[in-house]
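Inspection log for the structure reproduced underneath, given as structure tokens.
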Amino acid sequence: MNDAPDVTAAPDLASMARQAAFLLVQGRADAAAALCGRMQAIDPNLETFGAFVDLLIWARPRERLYPLVRALVDAGFANPRSFDLLAATAIWAGNIPAARELTSPERFLSITRLHGPDDPDLAPLVAELASGLEHYDRPGDRSIRMGARRNHLERSDSPVLRRLLDRLWRVACDYVDRLPADPANPFLRARPAGLVLKAWSVVSGADTHHLPHLHATSWVNGVYYADVPPVVADAVARPGWLRVGPATDRGFTAAAGGGEGGWDERWIRPEPGLVVLMPSHFTHETVPLGCDERRICVAFELHPAAPGQAGHVL
């Protein structure tokens, strides 16, 4: 009988997450950040990060967690998951200025128009974005529900797609250039030295929607709307709209109009040519159209560039 350990077995990420939380509670932020970094190298989306959060909340009253999570971020574990948790713990602690350092839509949410309805590329672009689709019902590893995607647009040789990605790249670079230099701000301090753009199209039908989610592997993400049905004009039901704001399972909500909860909510009605940009730790979701029409958009992300990639759309 061979009792040697199986060195090929997959690591127990949940156990690593709990161990990292124990280290943080013990005041060993550097060791906790290093272990979290190893988790992230194995699982870039940090799907088991919830085990880390659960143990922290078990070990300390949640209103006392902000200094611990801030120490973790300052020790180098700086990414959308940790920024989201840092904002939540700041709100739980009643430290609204610290929360707004990360969540201010006035500072970080950008809504611009790329083109008008007469853009000559629009019709062929819509046709291109609606081709080569992969259909998704309820995938466990994605937020999309009952919709279709065309993945890896950045790899396409289509001229109309290349022109769109070039335009989105310029809009995204303008957004990044407008962000202030603030080394005290964890999100701004984590700005990568170089960025690359990755993109995919989403074709939405009557039941298509996205669950509340953030983008765990990028620094900034955005969406461009190419084709939008008239039903989105309903400002009461908000079919097809994008909601940006606090996660709804955190025990806090943004107060209507005032934001006393520390994380303001924004609803965005899609329009052809509209581009929305935000930090990747901003939680967002969409509402089903509820009709047999379609909404076509391009979701895109800005990722840290590998050496030699900076300034290029892949």
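As shown in the structure tokens, the chain order sets the letters A, B, ...; within each chain, residues go from 1, and ligands are also counted from 1 in the order they appear.
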
Checklist entry - So which residues touch Asp292 in chain A within 12 Å, counting only C-alpha atoms, skipping near sequence neighbours fewer than 4 positions away, as a ChimeraX atom specification? => result /A:204-208,229-231,288

Next on the checklist: Just want the 12 Å neighbourhood of Pro180 in chain A, counted on only C-alpha atoms, with same-chain residues fewer than 6 positions away dropped. Output as an MDAnalysis selection string.
Outcome noted: chainID A and resid 107:108 187:189 191

Next on the checklist: Need to verify the contact set: Ala299 in chain A, 8 Å, only C-alpha atoms, exclusion of same-chain residues closer than 5 positions in sequence. Can you return it as a list of chain:residue names?
Outcome noted: A:Ala199, A:Trp200, A:Ser201, A:Val202, A:Asn221, A:Gly222, A:Val223, A:Tyr224

Could you give me, as an mmCIF file with N, CA and C atoms, in the first residue's frame, the residues within 7 Å of Trp263 in chain A, counting only C-alpha atoms and dropping anything in the same chain fewer than 6 positions from it?
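The result, written out as around-v8.cif:
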```cif
data_model
loop_
_atom_site.group_PDB
_atom_site.id
_atom_site.type_symbol
_atom_site.label_atom_id
_atom_site.label_comp_id
_atom_site.auth_asym_id
_atom_site.auth_seq_id
_atom_site.Cartn_x
_atom_site.Cartn_y
_atom_site.Cartn_z
ATOM 1 N N ARG A 100 -16.291 55.800 0.338
ATOM 2 C CA ARG A 100 -16.410 56.620 -0.873
ATOM 3 C C ARG A 100 -15.080 56.766 -1.612
ATOM 4 N N THR A 103 -15.886 53.907 -3.840
ATOM 5 C CA THR A 103 -17.199 53.664 -4.441
ATOM 6 C C THR A 103 -17.837 54.870 -5.102
ATOM 7 N N GLY A 245 -24.016 49.454 -8.351
ATOM 8 C CA GLY A 245 -24.206 49.846 -6.962
ATOM 9 C C GLY A 245 -23.808 48.752 -6.014
ATOM 10 N N PRO A 246 -24.220 48.852 -4.769
ATOM 11 C CA PRO A 246 -23.784 47.888 -3.765
ATOM 12 C C PRO A 246 -24.373 46.508 -3.990
ATOM 13 N N ALA A 254 -27.806 51.554 -0.485
ATOM 14 C CA ALA A 254 -27.626 52.984 -0.705
ATOM 15 C C ALA A 254 -28.961 53.683 -0.535
#
```

Next on the checklist: as an NGL selection string, please: every residue in range 142-272 of chain A that a backbone DSSP assignment puts in strand (DSSP E).
Outcome noted: :A and (144-145 or 147-150 or 195-204 or 209-210 or 220-227 or 242-244 or 266-268)

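If you measure from each of A:Leu289, A:Leu242, A:Ala88, A:Ile296 to Ile111 in chain A using only C-alpha atoms, the closest one turns out to be A:Leu242.
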
Checklist entry - If you count only C-alpha atoms, which residues fall within 9 Å of Arg113 in chain A, apart from same-chain ones fewer than 4 positions away, as JSON, numbers by chain? => result {"A": [271, 272, 273, 274, 275, 276]}

Surrounding residues of Ala20 in chain A excluding itself and chain neighbours under 2 positions, 7 Å, only C-alpha atoms, as a CSV table (one decimal) with N, CA, C and O atoms, in the first residue's frame:
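Contents of the output file out_26.csv:
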```csv
chain,number,residue,atom,x,y,z
A,16,MET,N,-7.1,27.1,2.2
A,16,MET,CA,-6.1,28.2,2.1
A,16,MET,C,-6.7,29.6,2.4
A,16,MET,O,-6.1,30.4,3.1
A,17,ALA,N,-8.0,29.8,2.0
A,17,ALA,CA,-8.6,31.0,2.3
A,17,ALA,C,-8.9,31.2,3.8
A,17,ALA,O,-8.7,32.3,4.3
A,18,ARG,N,-9.3,30.1,4.4
A,18,ARG,CA,-9.5,30.2,5.9
A,18,ARG,C,-8.2,30.4,6.6
A,18,ARG,O,-8.1,31.1,7.6
A,22,PHE,N,-7.2,33.5,9.2
A,22,PHE,CA,-6.6,33.3,10.5
A,22,PHE,C,-5.3,34.1,10.7
A,22,PHE,O,-5.1,34.8,11.7
A,23,LEU,N,-4.5,34.1,9.6
A,23,LEU,CA,-3.3,34.9,9.7
A,23,LEU,C,-3.6,36.4,9.8
A,23,LEU,O,-2.9,37.1,10.6
A,24,LEU,N,-4.6,36.8,9.1
A,24,LEU,CA,-4.9,38.2,9.2
A,24,LEU,C,-5.4,38.6,10.6
A,24,LEU,O,-5.1,39.7,11.1
A,32,ALA,N,-0.7,36.8,5.3
A,32,ALA,CA,-2.1,36.6,4.8
A,32,ALA,C,-2.1,37.1,3.3
A,32,ALA,O,-2.7,36.4,2.5
A,35,LEU,N,-0.4,34.5,1.1
A,35,LEU,CA,-1.2,33.3,0.9
A,35,LEU,C,-2.4,33.6,0.0
A,35,LEU,O,-2.7,32.8,-0.9
A,36,CYS,N,-3.0,34.8,0.1
A,36,CYS,CA,-4.1,35.1,-0.8
A,36,CYS,C,-3.5,35.3,-2.2
A,36,CYS,O,-4.2,34.9,-3.2
A,52,PHE,N,-12.8,33.0,2.9
A,52,PHE,CA,-12.0,34.0,3.7
A,52,PHE,C,-12.9,35.0,4.4
A,52,PHE,O,-12.7,35.3,5.6
```

Next on the checklist: Taking only range 65-258 of chain A into account, list the residues labelled alpha helix (DSSP H) by DSSP (computed from the backbone), as a PyMOL selection string.
Outcome noted: chain A and resi 66-74+80-92+96-103+105-108+122-129+159-178+186-189

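Taking CA of Ala190 in chain A and CA of Arg266 in chain A as endpoints, the distance between them is 24.4 Å.
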
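Shortest separation to Leu195 in chain A among A:Leu122, A:Pro304, A:Met278, A:Ala75 occurs at residue A:Pro304, atoms counted being only C-alpha atoms.
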
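One finds CA of Pro67 in chain A at 28.3 Å from CA of Val176 in chain A.
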
Checklist outcome for this item: The residue from A:His281, A:Arg167, A:Lys198, A:His209 with the smallest atom-to-atom distance to Ser82 in chain A, counting only C-alpha atoms, is A:His281

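Taking CA of Asp177 in chain A and CA of Gly37 in chain A as the two end points, the separation is 27.9 Å.
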